[in-house]
Amino acid sequence: MDATPVSFDTTIPGNLLAGLTWRNRRGQTRGPKYVVDGRLERSVSLQGFYRLTPESADELAKVVGNALRTVA
């Protein structure tokens, strides 16, 4: 499978984290809850069956791509 390896050492900027949006299969979108001052205080809002919206996926891909380039 062609995918980015999972790692937990990449920091996501707080403004990006707060602006991420997900869409469920009914087309409803939502953002993460429990983001305070750019920090995720509870991960429960990230659980479930949702897909990042294309815009959020693109923004997150930039951050992950930059992190991978600095490691390589």
# chains A, B, ... in the order shown; residues from 1 in each chain; ligands from 1
>>> residues_around(residues="A:Gly27", least_positions_apart="2", cutoff="12 Å", atoms="only C-alpha atoms", output="ChimeraX atom specification")
/A:21-25,29-30,50-53
>>> write_last_selection(atoms="C-alpha atoms", output="CSV table (one decimal), in the first residue's frame")
chain,number,residue,atom,x,y,z
A,21,THR,CA,-12.6,19.6,9.1
A,22,TRP,CA,-14.0,16.1,8.6
A,23,ARG,CA,-17.0,14.8,6.6
A,24,ASN,CA,-19.1,11.8,7.5
A,25,ARG,CA,-20.8,9.7,4.8
A,29,THR,CA,-18.7,18.3,8.2
A,30,ARG,CA,-17.3,19.1,11.6
A,50,TYR,CA,-14.8,10.4,9.2
A,51,ARG,CA,-12.7,11.5,6.3
A,52,LEU,CA,-10.8,14.7,6.1
A,53,THR,CA,-12.2,17.2,3.7
>>> residues_around(residues="A:Val36", least_positions_apart="3", cutoff="9 Å", atoms="only C-alpha atoms", output="short mmCIF file (atom, residue, chain, number, x, y, z; two decimals) with C-alpha atoms, in the first residue's frame")
data_model
loop_
_atom_site.label_atom_id
_atom_site.label_comp_id
_atom_site.auth_asym_id
_atom_site.auth_seq_id
_atom_site.Cartn_x
_atom_site.Cartn_y
_atom_site.Cartn_z
CA GLY A 14 -2.32 24.80 16.49
CA ALA A 18 -8.24 23.95 14.97
CA LYS A 33 -13.53 19.63 19.70
CA ARG A 39 -3.55 22.26 21.79
CA LEU A 40 -5.73 19.17 21.63
CA GLU A 41 -6.88 18.49 25.18
#
>>> select_by_dssp(residues="chain A", states="helix (DSSP H, G or I)", output="PyMOL selection string")
chain A and resi 14-19+43-46+54-71
>>> write_last_selection(atoms="N, CA and C atoms", output="compact mmCIF listing (two decimals), in the first residue's frame")
# COMPACT_ATOMS: atom_id res chain seq x y z
N GLY A 14 -1.04 24.62 15.83
CA GLY A 14 -2.32 24.80 16.49
C GLY A 14 -3.38 25.41 15.61
N ASN A 15 -3.00 26.39 14.77
CA ASN A 15 -4.01 27.01 13.91
C ASN A 15 -4.50 26.03 12.84
N LEU A 16 -3.64 25.13 12.39
CA LEU A 16 -4.06 24.11 11.43
C LEU A 16 -4.96 23.09 12.12
N LEU A 17 -4.56 22.65 13.29
CA LEU A 17 -5.36 21.67 14.03
C LEU A 17 -6.79 22.17 14.26
N ALA A 18 -6.91 23.39 14.70
CA ALA A 18 -8.24 23.95 14.97
C ALA A 18 -9.07 24.11 13.70
N GLY A 19 -8.41 24.24 12.54
CA GLY A 19 -9.13 24.47 11.29
C GLY A 19 -9.41 23.22 10.48
N SER A 43 -8.56 13.56 22.88
CA SER A 43 -8.53 12.97 21.54
C SER A 43 -9.86 12.35 21.13
N VAL A 44 -10.83 12.32 22.02
CA VAL A 44 -12.10 11.66 21.72
C VAL A 44 -12.78 12.26 20.50
N SER A 45 -12.60 13.54 20.23
CA SER A 45 -13.26 14.14 19.07
C SER A 45 -12.62 13.71 17.75
N LEU A 46 -11.50 13.02 17.80
CA LEU A 46 -10.84 12.52 16.59
C LEU A 46 -11.23 11.08 16.28
N PRO A 54 -11.15 17.44 1.47
CA PRO A 54 -9.99 17.58 0.58
C PRO A 54 -9.08 18.75 0.97
N GLU A 55 -9.67 19.85 1.40
CA GLU A 55 -8.87 21.02 1.77
C GLU A 55 -8.02 20.72 3.01
N SER A 56 -8.61 20.09 4.00
CA SER A 56 -7.87 19.74 5.21
C SER A 56 -6.80 18.69 4.93
N ALA A 57 -7.13 17.73 4.07
CA ALA A 57 -6.15 16.70 3.70
C ALA A 57 -4.94 17.33 3.01
N ASP A 58 -5.17 18.30 2.14
CA ASP A 58 -4.06 18.98 1.46
C ASP A 58 -3.18 19.72 2.46
N GLU A 59 -3.80 20.44 3.39
CA GLU A 59 -3.02 21.18 4.38
C GLU A 59 -2.21 20.24 5.28
N LEU A 60 -2.82 19.16 5.70
CA LEU A 60 -2.13 18.19 6.55
C LEU A 60 -1.00 17.50 5.78
N ALA A 61 -1.23 17.21 4.50
CA ALA A 61 -0.19 16.59 3.67
C ALA A 61 1.04 17.50 3.56
N LYS A 62 0.84 18.79 3.49
CA LYS A 62 1.98 19.72 3.43
C LYS A 62 2.82 19.63 4.70
N VAL A 63 2.17 19.59 5.85
CA VAL A 63 2.89 19.51 7.11
C VAL A 63 3.65 18.20 7.21
N VAL A 64 3.00 17.10 6.88
CA VAL A 64 3.64 15.79 6.97
C VAL A 64 4.76 15.69 5.94
N GLY A 65 4.53 16.19 4.74
CA GLY A 65 5.56 16.16 3.72
C GLY A 65 6.79 16.95 4.12
N ASN A 66 6.59 18.12 4.72
CA ASN A 66 7.73 18.91 5.20
C ASN A 66 8.48 18.18 6.30
N ALA A 67 7.76 17.52 7.19
CA ALA A 67 8.40 16.78 8.28
C ALA A 67 9.23 15.61 7.72
N LEU A 68 8.71 14.94 6.71
CA LEU A 68 9.45 13.82 6.12
C LEU A 68 10.70 14.30 5.40
N ARG A 69 10.64 15.46 4.76
CA ARG A 69 11.81 15.99 4.06
C ARG A 69 12.91 16.38 5.03
N THR A 70 12.56 16.87 6.21
CA THR A 70 13.59 17.28 7.17
C THR A 70 14.25 16.07 7.82
N VAL A 71 13.54 14.93 7.86
CA VAL A 71 14.11 13.71 8.44
C VAL A 71 15.02 13.02 7.45
>>> closest_residue(among="A:Phe49, A:Arg42, A:Thr11, A:Ala3", to="A:Gln28", atoms="only C-alpha atoms")
A:Phe49
>>> select_by_dssp(residues="stretch 21-68 of chain A", states="strand (DSSP E)", output="JSON, numbers by chain")
{"A": [22, 23, 29, 30, 35, 36, 39, 40, 51, 52]}
>>> decode(residues="stretch 12-60 of chain A", atoms="N, CA and C atoms", output="PDB file, in the first residue's frame")
ATOM      1  N   ILE A  12       1.681  19.261  14.750  1.00  0.00           N
ATOM      2  CA  ILE A  12       0.732  19.945  13.874  1.00  0.00           C
ATOM      3  C   ILE A  12       0.510  21.337  14.446  1.00  0.00           C
ATOM      4  N   PRO A  13       0.728  22.389  13.664  1.00  0.00           N
ATOM      5  CA  PRO A  13       0.514  23.749  14.179  1.00  0.00           C
ATOM      6  C   PRO A  13      -0.908  23.921  14.719  1.00  0.00           C
ATOM      7  N   GLY A  14      -1.036  24.619  15.830  1.00  0.00           N
ATOM      8  CA  GLY A  14      -2.324  24.797  16.489  1.00  0.00           C
ATOM      9  C   GLY A  14      -3.384  25.411  15.608  1.00  0.00           C
ATOM     10  N   ASN A  15      -2.998  26.391  14.775  1.00  0.00           N
ATOM     11  CA  ASN A  15      -4.005  27.008  13.906  1.00  0.00           C
ATOM     12  C   ASN A  15      -4.498  26.028  12.840  1.00  0.00           C
ATOM     13  N   LEU A  16      -3.637  25.131  12.389  1.00  0.00           N
ATOM     14  CA  LEU A  16      -4.058  24.115  11.429  1.00  0.00           C
ATOM     15  C   LEU A  16      -4.955  23.087  12.117  1.00  0.00           C
ATOM     16  N   LEU A  17      -4.562  22.651  13.291  1.00  0.00           N
ATOM     17  CA  LEU A  17      -5.361  21.672  14.030  1.00  0.00           C
ATOM     18  C   LEU A  17      -6.786  22.174  14.255  1.00  0.00           C
ATOM     19  N   ALA A  18      -6.914  23.392  14.702  1.00  0.00           N
ATOM     20  CA  ALA A  18      -8.242  23.953  14.971  1.00  0.00           C
ATOM     21  C   ALA A  18      -9.066  24.110  13.697  1.00  0.00           C
ATOM     22  N   GLY A  19      -8.413  24.245  12.543  1.00  0.00           N
ATOM     23  CA  GLY A  19      -9.125  24.467  11.292  1.00  0.00           C
ATOM     24  C   GLY A  19      -9.413  23.216  10.480  1.00  0.00           C
ATOM     25  N   LEU A  20      -8.938  22.051  10.929  1.00  0.00           N
ATOM     26  CA  LEU A  20      -9.205  20.816  10.197  1.00  0.00           C
ATOM     27  C   LEU A  20     -10.696  20.497  10.216  1.00  0.00           C
ATOM     28  N   THR A  21     -11.186  19.962   9.113  1.00  0.00           N
ATOM     29  CA  THR A  21     -12.591  19.563   9.058  1.00  0.00           C
ATOM     30  C   THR A  21     -12.700  18.157   8.491  1.00  0.00           C
ATOM     31  N   TRP A  22     -13.676  17.423   9.017  1.00  0.00           N
ATOM     32  CA  TRP A  22     -13.968  16.074   8.578  1.00  0.00           C
ATOM     33  C   TRP A  22     -15.376  16.016   8.037  1.00  0.00           C
ATOM     34  N   ARG A  23     -15.627  15.022   7.180  1.00  0.00           N
ATOM     35  CA  ARG A  23     -16.960  14.830   6.610  1.00  0.00           C
ATOM     36  C   ARG A  23     -17.366  13.373   6.836  1.00  0.00           C
ATOM     37  N   ASN A  24     -18.590  13.188   7.314  1.00  0.00           N
ATOM     38  CA  ASN A  24     -19.083  11.821   7.461  1.00  0.00           C
ATOM     39  C   ASN A  24     -19.739  11.385   6.159  1.00  0.00           C
ATOM     40  N   ARG A  25     -20.223  10.169   6.098  1.00  0.00           N
ATOM     41  CA  ARG A  25     -20.772   9.673   4.831  1.00  0.00           C
ATOM     42  C   ARG A  25     -22.098  10.310   4.452  1.00  0.00           C
ATOM     43  N   ARG A  26     -22.726  11.009   5.380  1.00  0.00           N
ATOM     44  CA  ARG A  26     -23.946  11.758   5.058  1.00  0.00           C
ATOM     45  C   ARG A  26     -23.622  13.158   4.536  1.00  0.00           C
ATOM     46  N   GLY A  27     -22.339  13.500   4.490  1.00  0.00           N
ATOM     47  CA  GLY A  27     -21.926  14.796   3.973  1.00  0.00           C
ATOM     48  C   GLY A  27     -21.836  15.903   5.005  1.00  0.00           C
ATOM     49  N   GLN A  28     -22.070  15.583   6.277  1.00  0.00           N
ATOM     50  CA  GLN A  28     -21.975  16.594   7.328  1.00  0.00           C
ATOM     51  C   GLN A  28     -20.509  16.795   7.697  1.00  0.00           C
ATOM     52  N   THR A  29     -20.118  18.045   7.870  1.00  0.00           N
ATOM     53  CA  THR A  29     -18.736  18.332   8.247  1.00  0.00           C
ATOM     54  C   THR A  29     -18.671  18.809   9.689  1.00  0.00           C
ATOM     55  N   ARG A  30     -17.507  18.592  10.274  1.00  0.00           N
ATOM     56  CA  ARG A  30     -17.273  19.062  11.643  1.00  0.00           C
ATOM     57  C   ARG A  30     -15.779  19.214  11.853  1.00  0.00           C
ATOM     58  N   GLY A  31     -15.435  19.992  12.844  1.00  0.00           N
ATOM     59  CA  GLY A  31     -14.048  20.179  13.216  1.00  0.00           C
ATOM     60  C   GLY A  31     -13.771  19.484  14.533  1.00  0.00           C
ATOM     61  N   PRO A  32     -12.517  19.523  14.970  1.00  0.00           N
ATOM     62  CA  PRO A  32     -12.187  18.879  16.245  1.00  0.00           C
ATOM     63  C   PRO A  32     -12.731  19.685  17.420  1.00  0.00           C
ATOM     64  N   LYS A  33     -13.127  18.983  18.453  1.00  0.00           N
ATOM     65  CA  LYS A  33     -13.532  19.626  19.696  1.00  0.00           C
ATOM     66  C   LYS A  33     -12.346  19.579  20.640  1.00  0.00           C
ATOM     67  N   TYR A  34     -12.436  20.315  21.692  1.00  0.00           N
ATOM     68  CA  TYR A  34     -11.429  20.299  22.764  1.00  0.00           C
ATOM     69  C   TYR A  34     -10.058  20.802  22.311  1.00  0.00           C
ATOM     70  N   VAL A  35     -10.031  21.757  21.377  1.00  0.00           N
ATOM     71  CA  VAL A  35      -8.783  22.427  21.007  1.00  0.00           C
ATOM     72  C   VAL A  35      -8.772  23.754  21.751  1.00  0.00           C
ATOM     73  N   VAL A  36      -7.804  23.911  22.643  1.00  0.00           N
ATOM     74  CA  VAL A  36      -7.690  25.112  23.461  1.00  0.00           C
ATOM     75  C   VAL A  36      -6.294  25.681  23.270  1.00  0.00           C
ATOM     76  N   ASP A  37      -6.227  26.927  22.849  1.00  0.00           N
ATOM     77  CA  ASP A  37      -4.937  27.595  22.617  1.00  0.00           C
ATOM     78  C   ASP A  37      -4.023  26.770  21.705  1.00  0.00           C
ATOM     79  N   GLY A  38      -4.611  26.164  20.662  1.00  0.00           N
ATOM     80  CA  GLY A  38      -3.828  25.411  19.693  1.00  0.00           C
ATOM     81  C   GLY A  38      -3.407  24.035  20.146  1.00  0.00           C
ATOM     82  N   ARG A  39      -3.908  23.578  21.278  1.00  0.00           N
ATOM     83  CA  ARG A  39      -3.549  22.261  21.789  1.00  0.00           C
ATOM     84  C   ARG A  39      -4.791  21.380  21.904  1.00  0.00           C
ATOM     85  N   LEU A  40      -4.636  20.135  21.511  1.00  0.00           N
ATOM     86  CA  LEU A  40      -5.729  19.172  21.628  1.00  0.00           C
ATOM     87  C   LEU A  40      -5.733  18.639  23.050  1.00  0.00           C
ATOM     88  N   GLU A  41      -6.803  18.911  23.776  1.00  0.00           N
ATOM     89  CA  GLU A  41      -6.875  18.491  25.175  1.00  0.00           C
ATOM     90  C   GLU A  41      -7.480  17.101  25.342  1.00  0.00           C
ATOM     91  N   ARG A  42      -8.306  16.678  24.407  1.00  0.00           N
ATOM     92  CA  ARG A  42      -8.917  15.347  24.453  1.00  0.00           C
ATOM     93  C   ARG A  42      -8.951  14.793  23.040  1.00  0.00           C
ATOM     94  N   SER A  43      -8.556  13.561  22.880  1.00  0.00           N
ATOM     95  CA  SER A  43      -8.529  12.966  21.542  1.00  0.00           C
ATOM     96  C   SER A  43      -9.856  12.349  21.134  1.00  0.00           C
ATOM     97  N   VAL A  44     -10.828  12.322  22.022  1.00  0.00           N
ATOM     98  CA  VAL A  44     -12.097  11.665  21.722  1.00  0.00           C
ATOM     99  C   VAL A  44     -12.782  12.258  20.500  1.00  0.00           C
ATOM    100  N   SER A  45     -12.597  13.539  20.227  1.00  0.00           N
ATOM    101  CA  SER A  45     -13.257  14.143  19.066  1.00  0.00           C
ATOM    102  C   SER A  45     -12.621  13.710  17.748  1.00  0.00           C
ATOM    103  N   LEU A  46     -11.496  13.016  17.801  1.00  0.00           N
ATOM    104  CA  LEU A  46     -10.843  12.518  16.590  1.00  0.00           C
ATOM    105  C   LEU A  46     -11.234  11.080  16.283  1.00  0.00           C
ATOM    106  N   GLN A  47     -12.015  10.475  17.153  1.00  0.00           N
ATOM    107  CA  GLN A  47     -12.414   9.083  16.973  1.00  0.00           C
ATOM    108  C   GLN A  47     -13.707   9.005  16.172  1.00  0.00           C
ATOM    109  N   GLY A  48     -13.818   7.981  15.353  1.00  0.00           N
ATOM    110  CA  GLY A  48     -15.032   7.789  14.574  1.00  0.00           C
ATOM    111  C   GLY A  48     -14.705   7.519  13.120  1.00  0.00           C
ATOM    112  N   PHE A  49     -15.739   7.425  12.315  1.00  0.00           N
ATOM    113  CA  PHE A  49     -15.585   7.128  10.900  1.00  0.00           C
ATOM    114  C   PHE A  49     -15.832   8.385  10.086  1.00  0.00           C
ATOM    115  N   TYR A  50     -14.782   9.141   9.888  1.00  0.00           N
ATOM    116  CA  TYR A  50     -14.847  10.395   9.156  1.00  0.00           C
ATOM    117  C   TYR A  50     -13.658  10.462   8.203  1.00  0.00           C
ATOM    118  N   ARG A  51     -13.806  11.232   7.171  1.00  0.00           N
ATOM    119  CA  ARG A  51     -12.700  11.501   6.251  1.00  0.00           C
ATOM    120  C   ARG A  51     -12.395  12.984   6.299  1.00  0.00           C
ATOM    121  N   LEU A  52     -11.122  13.295   6.221  1.00  0.00           N
ATOM    122  CA  LEU A  52     -10.763  14.705   6.117  1.00  0.00           C
ATOM    123  C   LEU A  52     -11.357  15.268   4.843  1.00  0.00           C
ATOM    124  N   THR A  53     -11.786  16.520   4.896  1.00  0.00           N
ATOM    125  CA  THR A  53     -12.213  17.171   3.660  1.00  0.00           C
ATOM    126  C   THR A  53     -10.983  17.329   2.773  1.00  0.00           C
ATOM    127  N   PRO A  54     -11.150  17.438   1.472  1.00  0.00           N
ATOM    128  CA  PRO A  54      -9.987  17.576   0.583  1.00  0.00           C
ATOM    129  C   PRO A  54      -9.075  18.751   0.970  1.00  0.00           C
ATOM    130  N   GLU A  55      -9.667  19.851   1.398  1.00  0.00           N
ATOM    131  CA  GLU A  55      -8.868  21.019   1.771  1.00  0.00           C
ATOM    132  C   GLU A  55      -8.016  20.721   3.006  1.00  0.00           C
ATOM    133  N   SER A  56      -8.611  20.087   4.000  1.00  0.00           N
ATOM    134  CA  SER A  56      -7.874  19.745   5.214  1.00  0.00           C
ATOM    135  C   SER A  56      -6.798  18.690   4.926  1.00  0.00           C
ATOM    136  N   ALA A  57      -7.130  17.728   4.067  1.00  0.00           N
ATOM    137  CA  ALA A  57      -6.151  16.702   3.698  1.00  0.00           C
ATOM    138  C   ALA A  57      -4.939  17.329   3.013  1.00  0.00           C
ATOM    139  N   ASP A  58      -5.168  18.302   2.143  1.00  0.00           N
ATOM    140  CA  ASP A  58      -4.063  18.981   1.464  1.00  0.00           C
ATOM    141  C   ASP A  58      -3.175  19.723   2.457  1.00  0.00           C
ATOM    142  N   GLU A  59      -3.799  20.437   3.391  1.00  0.00           N
ATOM    143  CA  GLU A  59      -3.023  21.182   4.384  1.00  0.00           C
ATOM    144  C   GLU A  59      -2.213  20.245   5.277  1.00  0.00           C
ATOM    145  N   LEU A  60      -2.823  19.155   5.700  1.00  0.00           N
ATOM    146  CA  LEU A  60      -2.130  18.192   6.547  1.00  0.00           C
ATOM    147  C   LEU A  60      -1.001  17.497   5.781  1.00  0.00           C
TER     148      LEU A  60
END
